[in-house]
file upload.cif (mmCIF, C-alpha atoms)
data_input
#
loop_
_atom_site.label_atom_id
_atom_site.label_comp_id
_atom_site.auth_asym_id
_atom_site.auth_seq_id
_atom_site.Cartn_x
_atom_site.Cartn_y
_atom_site.Cartn_z
CA MET A 1 98.18 116.15 101.80
CA LYS A 2 100.17 117.39 98.83
CA LYS A 3 97.97 118.60 95.97
CA ALA A 4 98.89 119.00 92.32
CA ASP A 5 98.24 122.41 90.79
CA TYR A 6 96.11 121.68 87.76
CA ALA A 7 95.94 125.36 86.93
CA LYS A 8 99.54 124.91 85.74
CA ILE A 9 99.19 121.32 84.57
CA ALA A 10 96.34 122.29 82.22
CA LEU A 11 98.78 123.85 79.76
CA SER A 12 100.42 120.50 78.92
CA TYR A 13 97.92 117.97 80.28
CA ASP A 14 96.66 116.65 76.94
CA LYS A 15 100.20 116.15 75.64
CA GLY A 16 101.03 113.71 78.40
CA ALA A 17 97.71 112.18 79.43
CA SER A 18 95.76 111.71 76.21
CA LEU A 19 94.04 108.37 75.59
CA SER A 20 94.10 106.45 72.34
CA GLN A 21 90.79 105.81 70.60
CA GLN A 22 91.27 102.14 71.46
CA ASN A 23 91.35 102.95 75.15
CA ILE A 24 88.47 105.40 74.90
CA ASP A 25 86.43 102.62 73.29
CA LEU A 26 87.50 100.19 76.02
CA TRP A 27 86.20 102.45 78.78
CA LEU A 28 83.05 103.47 76.94
CA GLU A 29 82.18 99.80 76.52
CA LEU A 30 82.59 99.27 80.25
CA ILE A 31 80.46 102.32 81.04
CA ALA A 32 77.75 101.43 78.53
CA LYS A 33 77.01 98.00 79.98
CA HIS A 34 75.72 99.37 83.29
CA PRO A 35 72.12 100.25 84.19
CA GLY A 36 70.97 103.64 83.00
CA ALA A 37 73.62 103.90 80.27
CA THR A 38 71.20 104.60 77.44
CA VAL A 39 71.04 107.35 74.84
CA GLY A 40 69.99 110.55 76.56
CA ALA A 41 71.18 109.46 80.00
CA ARG A 42 72.13 112.32 82.28
CA VAL A 43 75.76 111.79 83.22
CA LEU A 44 77.98 113.72 85.62
CA ASP A 45 81.69 113.44 84.82
CA LEU A 46 83.13 114.54 88.12
CA GLY A 47 86.70 115.81 87.88
CA CYS A 48 86.36 115.91 84.10
CA GLY A 49 89.66 117.71 83.45
CA THR A 50 90.01 118.60 79.78
CA GLY A 51 87.11 116.37 78.78
CA ARG A 52 88.87 113.19 77.74
CA PHE A 53 85.86 111.10 78.87
CA ALA A 54 83.06 113.67 78.88
CA LEU A 55 83.33 114.41 75.16
CA PRO A 56 83.45 110.76 73.97
CA MET A 57 80.52 109.88 76.26
CA ALA A 58 78.50 112.64 74.60
CA ARG A 59 79.67 111.95 71.03
CA GLN A 60 79.74 108.16 70.96
CA LEU A 61 77.15 107.14 73.56
CA GLY A 62 74.71 109.99 73.17
CA PHE A 63 74.74 110.90 76.86
CA ARG A 64 73.71 114.32 78.15
CA VAL A 65 76.96 115.02 79.95
CA THR A 66 77.83 117.61 82.56
CA GLY A 67 81.59 117.95 83.00
CA VAL A 68 82.63 119.28 86.39
CA ASP A 69 86.07 120.34 87.52
CA VAL A 70 87.35 122.67 90.20
CA TYR A 71 90.01 124.15 87.91
CA GLU A 72 88.77 126.71 85.40
CA GLU A 73 92.00 126.25 83.44
CA MET A 74 91.15 122.59 82.78
CA LEU A 75 87.60 123.50 81.82
CA ALA A 76 88.88 126.13 79.40
CA LYS A 77 90.84 123.44 77.55
CA ALA A 78 87.76 121.22 77.51
CA ARG A 79 85.60 123.98 76.04
CA GLU A 80 88.16 124.55 73.28
CA LYS A 81 87.61 120.94 72.15
CA ASP A 82 83.81 121.17 72.33
CA ALA A 83 82.96 123.45 69.41
CA ALA A 84 79.55 121.78 69.06
CA GLY A 85 78.64 122.46 72.69
CA LEU A 86 77.88 118.82 73.42
CA VAL A 87 78.81 119.02 77.10
CA ALA A 88 77.72 121.39 79.85
CA TRP A 89 80.97 122.48 81.52
CA ASP A 90 80.73 123.62 85.12
CA ARG A 91 83.17 124.68 87.82
CA GLN A 92 82.25 123.04 91.11
CA GLU A 93 83.84 121.37 94.12
CA ALA A 94 83.23 117.65 94.38
CA GLU A 95 82.47 117.81 98.09
CA ARG A 96 79.92 120.63 97.67
CA LEU A 97 77.90 120.05 94.52
CA THR A 98 75.07 122.51 93.89
CA TYR A 99 72.89 120.19 91.80
CA SER A 100 69.47 119.14 93.01
CA ASP A 101 68.83 115.67 94.41
CA GLY A 102 68.34 113.07 91.70
CA SER A 103 69.79 115.15 88.87
CA PHE A 104 71.79 112.39 87.15
CA ASP A 105 71.46 108.78 86.03
CA ILE A 106 75.20 108.06 86.24
CA VAL A 107 78.15 109.62 88.02
CA PHE A 108 81.55 108.84 86.52
CA MET A 109 84.91 109.89 87.93
CA SER A 110 88.47 109.12 86.88
CA HIS A 111 91.57 109.50 89.06
CA LEU A 112 89.82 111.98 91.34
CA LEU A 113 89.49 110.64 94.88
CA HIS A 114 93.17 110.91 95.83
CA HIS A 115 93.05 114.64 95.07
CA LEU A 116 90.20 115.36 97.51
CA ALA A 117 90.33 116.46 101.13
CA SER A 118 87.27 114.33 101.93
CA PRO A 119 86.56 111.50 99.48
CA PRO A 120 83.66 110.15 101.60
CA LYS A 121 81.95 113.54 101.48
CA ALA A 122 82.31 113.69 97.70
CA ILE A 123 80.91 110.17 97.35
CA GLY A 124 78.01 111.17 99.57
CA GLU A 125 77.34 114.08 97.23
CA CYS A 126 77.43 111.69 94.28
CA LYS A 127 74.75 109.56 95.88
CA ARG A 128 72.61 112.60 96.60
CA VAL A 129 72.66 113.91 93.03
CA LEU A 130 71.97 110.46 91.56
CA LYS A 131 68.40 109.51 90.83
CA THR A 132 66.99 106.19 92.03
CA PRO A 133 68.02 103.88 90.47
CA GLY A 134 71.42 105.33 89.64
CA THR A 135 74.98 104.16 89.11
CA ILE A 136 78.39 105.41 90.22
CA LEU A 137 81.52 104.39 88.30
CA VAL A 138 84.93 105.11 89.78
CA ARG A 139 88.03 104.68 87.60
CA TYR A 140 91.35 104.86 89.45
CA GLY A 141 94.77 103.46 90.15
CA ASP A 142 94.63 101.81 93.56
CA ILE A 143 97.71 101.79 95.74
CA GLU A 144 98.09 98.02 95.42
CA LYS A 145 98.71 98.33 91.70
CA ILE A 146 100.65 101.57 91.92
CA ARG A 147 103.26 99.93 94.13
CA GLY A 148 104.08 97.53 91.31
CA ASP A 149 104.19 99.87 88.36
CA VAL A 150 107.41 100.88 86.66
CA VAL A 151 106.98 104.61 87.22
CA HIS A 152 106.69 104.43 90.99
CA ALA A 153 109.54 101.94 91.12
CA LEU A 154 111.84 104.46 89.41
CA PHE A 155 110.48 107.60 91.10
CA PRO A 156 110.51 106.57 94.80
CA GLU A 157 109.69 110.10 95.96
CA ALA A 158 106.46 109.84 93.98
CA LEU A 159 105.65 106.52 95.59
CA ALA A 160 106.04 108.02 99.05
CA ILE A 161 103.52 110.75 98.20
CA ASP A 162 101.03 108.33 96.68
CA GLU A 163 101.33 105.91 99.58
CA ALA A 164 99.95 108.69 101.77
CA ARG A 165 97.03 109.73 99.56
CA THR A 166 95.99 106.86 97.29
CA PRO A 167 93.26 104.49 98.53
CA THR A 168 93.14 100.73 98.42
CA ILE A 169 90.32 99.00 96.57
CA LYS A 170 88.86 97.95 99.89
CA LEU A 171 88.81 101.55 101.11
CA VAL A 172 87.04 102.82 97.97
CA GLU A 173 84.47 100.06 98.35
CA THR A 174 84.06 100.97 102.02
CA TRP A 175 83.46 104.62 101.11
CA LEU A 176 80.78 103.64 98.61
CA ARG A 177 79.03 101.29 101.00
CA GLY A 178 79.25 103.89 103.76
CA ALA A 179 77.44 106.37 101.51
CA GLY A 180 74.66 103.84 101.02
CA PHE A 181 75.54 102.35 97.64
CA ALA A 182 74.49 98.75 97.09
CA GLY A 183 76.02 95.98 94.99
CA VAL A 184 79.52 97.45 95.24
CA THR A 185 82.04 95.52 93.15
CA SER A 186 85.45 96.17 91.61
CA GLU A 187 87.17 94.85 88.52
CA GLU A 188 90.67 95.17 87.14
CA VAL A 189 90.98 96.78 83.73
CA VAL A 190 94.22 96.49 81.77
CA GLN A 191 94.78 99.10 79.09
CA GLN A 192 97.66 99.35 76.64
CA SER A 193 98.66 102.94 77.20
CA TYR A 194 101.77 102.96 75.00
CA GLN A 195 103.09 101.18 71.92
CA ALA A 196 106.72 101.34 73.06
CA GLY A 197 108.72 102.27 76.14
CA ILE A 198 109.86 105.50 74.52
CA ASP A 199 106.21 106.59 74.32
CA ARG A 200 105.88 106.31 78.10
CA LEU A 201 109.13 108.22 78.52
CA ASN A 202 107.85 111.03 76.29
CA ALA A 203 104.61 111.23 78.27
CA ILE A 204 106.51 111.38 81.55
CA LYS A 205 108.56 114.26 80.18
CA PHE A 206 105.25 116.18 80.24
CA LYS A 207 104.73 114.94 83.82
CA ASN A 208 101.64 113.04 82.70
CA THR A 209 101.14 111.65 86.20
CA SER A 210 100.31 114.55 88.51
CA VAL A 211 102.42 113.24 91.36
CA LEU A 212 105.52 113.99 89.26
CA THR A 213 104.75 117.70 89.67
CA LEU A 214 105.07 117.27 93.44
CA ILE A 215 108.52 115.69 93.69
CA SER A 216 111.81 117.54 93.73
CA GLN A 217 113.53 118.38 90.45
CA GLU A 218 116.47 116.22 91.52
CA ALA A 219 114.19 113.22 92.10
CA TYR A 220 112.45 113.83 88.80
CA GLU A 221 115.70 114.00 86.81
CA ALA A 222 117.04 110.90 88.55
CA GLY A 223 113.84 109.04 87.70
CA ILE A 224 114.07 110.09 84.06
CA GLN A 225 117.63 108.77 83.87
CA ALA A 226 116.59 105.54 85.54
CA LEU A 227 113.67 105.12 83.13
CA VAL A 228 115.90 105.69 80.09
CA GLY A 229 118.23 102.98 81.36
CA TYR A 230 115.35 100.64 82.11
CA ILE A 231 113.88 101.04 78.62
CA GLU A 232 117.28 100.19 77.14
CA SER A 233 117.76 97.12 79.34
CA SER A 234 114.16 95.83 79.43
CA PRO A 235 112.38 97.17 76.33
CA ASN A 236 109.80 94.37 76.35
CA ASP A 237 108.68 94.74 79.96
CA PRO A 238 104.85 94.87 79.79
CA ARG A 239 104.88 97.47 82.58
CA LEU A 240 106.28 99.97 80.08
CA LEU A 241 103.29 99.50 77.79
CA PHE A 242 100.33 98.53 79.96
CA ASP A 243 98.56 100.09 82.93
CA ARG A 244 96.46 98.14 85.42
CA LEU A 245 93.51 100.16 86.68
CA THR A 246 90.42 99.52 88.78
CA LEU A 247 86.77 100.25 88.10
CA THR A 248 84.57 100.22 91.20
CA ILE A 249 80.82 100.30 90.71
CA GLY A 250 77.95 100.98 93.09
CA PHE A 251 74.19 101.35 92.74
CA LYS A 252 71.61 103.65 94.30
CA ASN A 253 68.51 101.48 94.55
#

call {"tool": "encode", "arguments": {"input": "upload.cif", "output": "structure tokens"}}
result
Amino acid sequence: MKKADYAKIALSYDKGASLSQQNIDLWLELIAKHPGATVGARVLDLGCGTGRFALPMARQLGFRVTGVDVYEEMLAKAREKDAAGLVAWDRQEAERLTYSDGSFDIVFMSHLLHHLASPPKAIGECKRVLKTPGTILVRYGDIEKIRGDVVHALFPEALAIDEARTPTIKLVETWLRGAGFAGVTSEEVVQQSYQAGIDRLNAIKFKNTSVLTLISQEAYEAGIQALVGYIESSPNDPRLLFDRLTLTIGFKN
């Protein structure tokens, strides 16, 4: 499986993958409605990157957040944004967490599973470190939706890579149930990621989607040209502005 090198991506990650406050609020509202999401809740943000969810969860929801990532370079960027020391930043591997059983009320992860060698093992670790009752929240782009988005349509080399590594909703639900989670459900979440097509183009120029770092330079440049043409011909296509994501939830009872 091809893996993106986030040690290099960290330098420009926030320029291409930042979330608007509107979208932060959207996801925090979804997180906050689940059991255990109260002030002071112990939350593990697994694959936290530069802290785009860990910091808002601590600041706006009052969670005691531990942000975990395998790349020290991503964590360094997160620490730079956390002058108040609201989050405990920790370098760990998702499949081999060192936390004690029952350490957290909630485990949250975003766009992580397709980067892992063994997603079921990581999900098993999530269940172990959750207390009873506890909640797991998985935010991701499933392959069903990815196939229909404008980026993968114009960067076919990227689609080929993601076809091989990105799970279906059914598979993510199967992994959670296999780990022993109950009440597993999934919902579609539509977020407006950009105000105009040119905003998506500018983000892609920073290779905001990690798979773009894995394709050839020729394929990347061809995709950029195709996207420029598409924005000119179809500026009002909702796919340029909106992203369709999935949130899968499970409970440790």

call {"tool": "resolve_selection", "arguments": {"input": "upload.cif", "expression": "the PyMOL selection byres ((chain A and resi 180-183) around 12)", "output": "CSV table (one decimal) with C-alpha atoms, keeping the file's coordinate frame"}}
result
chain,number,residue,atom,x,y,z
A,120,PRO,CA,83.7,110.2,101.6
A,123,ILE,CA,80.9,110.2,97.4
A,124,GLY,CA,78.0,111.2,99.6
A,125,GLU,CA,77.3,114.1,97.2
A,126,CYS,CA,77.4,111.7,94.3
A,127,LYS,CA,74.8,109.6,95.9
A,128,ARG,CA,72.6,112.6,96.6
A,130,LEU,CA,72.0,110.5,91.6
A,132,THR,CA,67.0,106.2,92.0
A,133,PRO,CA,68.0,103.9,90.5
A,134,GLY,CA,71.4,105.3,89.6
A,135,THR,CA,75.0,104.2,89.1
A,136,ILE,CA,78.4,105.4,90.2
A,137,LEU,CA,81.5,104.4,88.3
A,172,VAL,CA,87.0,102.8,98.0
A,173,GLU,CA,84.5,100.1,98.4
A,174,THR,CA,84.1,101.0,102.0
A,175,TRP,CA,83.5,104.6,101.1
A,176,LEU,CA,80.8,103.6,98.6
A,177,ARG,CA,79.0,101.3,101.0
A,178,GLY,CA,79.2,103.9,103.8
A,179,ALA,CA,77.4,106.4,101.5
A,184,VAL,CA,79.5,97.4,95.2
A,185,THR,CA,82.0,95.5,93.2
A,186,SER,CA,85.4,96.2,91.6
A,248,THR,CA,84.6,100.2,91.2
A,249,ILE,CA,80.8,100.3,90.7
A,250,GLY,CA,78.0,101.0,93.1
A,251,PHE,CA,74.2,101.4,92.7
A,252,LYS,CA,71.6,103.6,94.3
A,253,ASN,CA,68.5,101.5,94.6

call {"tool": "residues_near_point", "arguments": {"input": "upload.cif", "point": "(114.1, 110.6, 92.7)", "cutoff": "8 Å", "atoms": "all atoms listed in the file", "output": "VMD selection string"}}
result
chain A and resid 154 to 158 215 to 216 218 to 223

call {"tool": "write_last_selection", "arguments": {"input": "upload.cif", "atoms": "C-alpha atoms", "output": "short mmCIF file (atom, residue, chain, number, x, y, z; two decimals), keeping the file's coordinate frame"}}
result
data_model
loop_
_atom_site.label_atom_id
_atom_site.label_comp_id
_atom_site.auth_asym_id
_atom_site.auth_seq_id
_atom_site.Cartn_x
_atom_site.Cartn_y
_atom_site.Cartn_z
CA LEU A 154 111.84 104.46 89.41
CA PHE A 155 110.48 107.60 91.10
CA PRO A 156 110.51 106.57 94.80
CA GLU A 157 109.69 110.10 95.96
CA ALA A 158 106.46 109.84 93.98
CA ILE A 215 108.52 115.69 93.69
CA SER A 216 111.81 117.54 93.73
CA GLU A 218 116.47 116.22 91.52
CA ALA A 219 114.19 113.22 92.10
CA TYR A 220 112.45 113.83 88.80
CA GLU A 221 115.70 114.00 86.81
CA ALA A 222 117.04 110.90 88.55
CA GLY A 223 113.84 109.04 87.70
#

call {"tool": "residues_around", "arguments": {"input": "upload.cif", "residues": "Ser110 in chain A", "least_positions_apart": "2", "cutoff": "12 Å", "atoms": "all atoms listed in the file", "output": "count of residues only"}}
result
32

call {"tool": "resolve_selection", "arguments": {"input": "upload.cif", "expression": "the PyMOL selection byres ((chain A and resi 86-96) around 6)", "output": "list in words"}}
result
Val65, Thr66, Gly67, Val68, Asp69, Val70, Ala84, Gly85, Leu97, Lys121 and Ala122 of chain A

call {"tool": "write_last_selection", "arguments": {"input": "upload.cif", "atoms": "C-alpha atoms", "output": "short mmCIF file (atom, residue, chain, number, x, y, z; two decimals), in the frame of the given file"}}
result
data_model
loop_
_atom_site.label_atom_id
_atom_site.label_comp_id
_atom_site.auth_asym_id
_atom_site.auth_seq_id
_atom_site.Cartn_x
_atom_site.Cartn_y
_atom_site.Cartn_z
CA VAL A 65 76.96 115.02 79.95
CA THR A 66 77.83 117.61 82.56
CA GLY A 67 81.59 117.95 83.00
CA VAL A 68 82.63 119.28 86.39
CA ASP A 69 86.07 120.34 87.52
CA VAL A 70 87.35 122.67 90.20
CA ALA A 84 79.55 121.78 69.06
CA GLY A 85 78.64 122.46 72.69
CA LEU A 97 77.90 120.05 94.52
CA LYS A 121 81.95 113.54 101.48
CA ALA A 122 82.31 113.69 97.70
#

call {"tool": "atom_distance", "arguments": {"input": "upload.cif", "atom1": "CA of Gln21 in chain A", "atom2": "CA of Ile231 in chain A"}}
result
24.9 Å

call {"tool": "closest_residue", "arguments": {"input": "upload.cif", "among": "A:Lys170, A:His111, A:His34, A:Lys77", "to": "Ser210 in chain A", "atoms": "all atoms listed in the file"}}
result
A:His111

call {"tool": "atom_distance", "arguments": {"input": "upload.cif", "atom1": "CA of Tyr71 in chain A", "atom2": "CA of Ser12 in chain A"}}
result
14.2 Å

call {"tool": "atom_distance", "arguments": {"input": "upload.cif", "atom1": "CA of Ala17 in chain A", "atom2": "CA of Thr209 in chain A"}}
result
7.6 Å

call {"tool": "closest_residue", "arguments": {"input": "upload.cif", "among": "A:Tyr99, A:Phe242, A:Phe63, A:Phe206", "to": "Val150 in chain A", "atoms": "only C-alpha atoms"}}
result
A:Phe242

call {"tool": "build_atoms", "arguments": {"input": "upload.cif", "residues": "range 203-231 of chain A", "atoms": "N, CA and C atoms", "output": "compact mmCIF listing (two decimals), keeping the file's coordinate frame"}}
result
# COMPACT_ATOMS: atom_id res chain seq x y z
N ALA A 203 105.74 110.76 77.47
CA ALA A 203 104.61 111.23 78.27
C ALA A 203 105.07 111.72 79.64
N ILE A 204 106.00 111.00 80.23
CA ILE A 204 106.51 111.38 81.55
C ILE A 204 107.28 112.69 81.48
N LYS A 205 107.87 112.98 80.34
CA LYS A 205 108.56 114.26 80.18
C LYS A 205 107.59 115.43 80.28
N PHE A 206 106.29 115.17 80.03
CA PHE A 206 105.25 116.18 80.24
C PHE A 206 104.63 116.05 81.63
N LYS A 207 105.24 115.20 82.47
CA LYS A 207 104.73 114.94 83.82
C LYS A 207 103.26 114.55 83.76
N ASN A 208 103.01 113.48 82.95
CA ASN A 208 101.64 113.04 82.70
C ASN A 208 100.95 112.51 83.94
N THR A 209 101.70 112.06 84.92
CA THR A 209 101.14 111.65 86.20
C THR A 209 101.34 112.80 87.17
N SER A 210 100.24 113.30 87.74
CA SER A 210 100.31 114.55 88.51
C SER A 210 101.30 114.51 89.66
N VAL A 211 101.52 113.33 90.22
CA VAL A 211 102.42 113.24 91.36
C VAL A 211 103.84 113.68 90.97
N LEU A 212 104.18 113.58 89.68
CA LEU A 212 105.52 113.99 89.26
C LEU A 212 105.72 115.50 89.37
N THR A 213 104.64 116.25 89.46
CA THR A 213 104.75 117.70 89.67
C THR A 213 105.01 118.02 91.14
N LEU A 214 104.93 117.03 92.00
CA LEU A 214 105.07 117.27 93.44
C LEU A 214 106.43 116.85 93.99
N ILE A 215 107.22 116.14 93.20
CA ILE A 215 108.52 115.69 93.69
C ILE A 215 109.58 116.74 93.35
N SER A 216 110.73 116.60 93.98
CA SER A 216 111.81 117.54 93.73
C SER A 216 112.35 117.39 92.31
N GLN A 217 112.96 118.44 91.79
CA GLN A 217 113.53 118.38 90.45
C GLN A 217 114.63 117.33 90.39
N GLU A 218 115.40 117.21 91.48
CA GLU A 218 116.47 116.22 91.52
C GLU A 218 115.91 114.81 91.41
N ALA A 219 114.81 114.55 92.15
CA ALA A 219 114.19 113.22 92.10
C ALA A 219 113.59 112.94 90.73
N TYR A 220 113.04 113.98 90.13
CA TYR A 220 112.45 113.83 88.80
C TYR A 220 113.53 113.49 87.77
N GLU A 221 114.62 114.24 87.78
CA GLU A 221 115.70 114.00 86.81
C GLU A 221 116.33 112.63 87.02
N ALA A 222 116.48 112.22 88.28
CA ALA A 222 117.04 110.90 88.55
C ALA A 222 116.11 109.80 88.04
N GLY A 223 114.81 110.01 88.20
CA GLY A 223 113.84 109.04 87.70
C GLY A 223 113.85 108.94 86.19
N ILE A 224 113.99 110.08 85.52
CA ILE A 224 114.07 110.09 84.06
C ILE A 224 115.28 109.28 83.59
N GLN A 225 116.43 109.50 84.23
CA GLN A 225 117.63 108.77 83.87
C GLN A 225 117.45 107.27 84.10
N ALA A 226 116.83 106.95 85.23
CA ALA A 226 116.59 105.54 85.54
C ALA A 226 115.64 104.90 84.52
N LEU A 227 114.62 105.65 84.10
CA LEU A 227 113.67 105.12 83.13
C LEU A 227 114.33 104.91 81.77
N VAL A 228 115.17 105.85 81.35
CA VAL A 228 115.90 105.69 80.09
C VAL A 228 116.72 104.40 80.13
N GLY A 229 117.43 104.19 81.22
CA GLY A 229 118.23 102.98 81.36
C GLY A 229 117.38 101.72 81.38
N TYR A 230 116.22 101.82 82.02
CA TYR A 230 115.35 100.64 82.11
C TYR A 230 114.78 100.28 80.75
N ILE A 231 114.41 101.29 79.97
CA ILE A 231 113.88 101.04 78.62
C ILE A 231 114.94 100.37 77.75
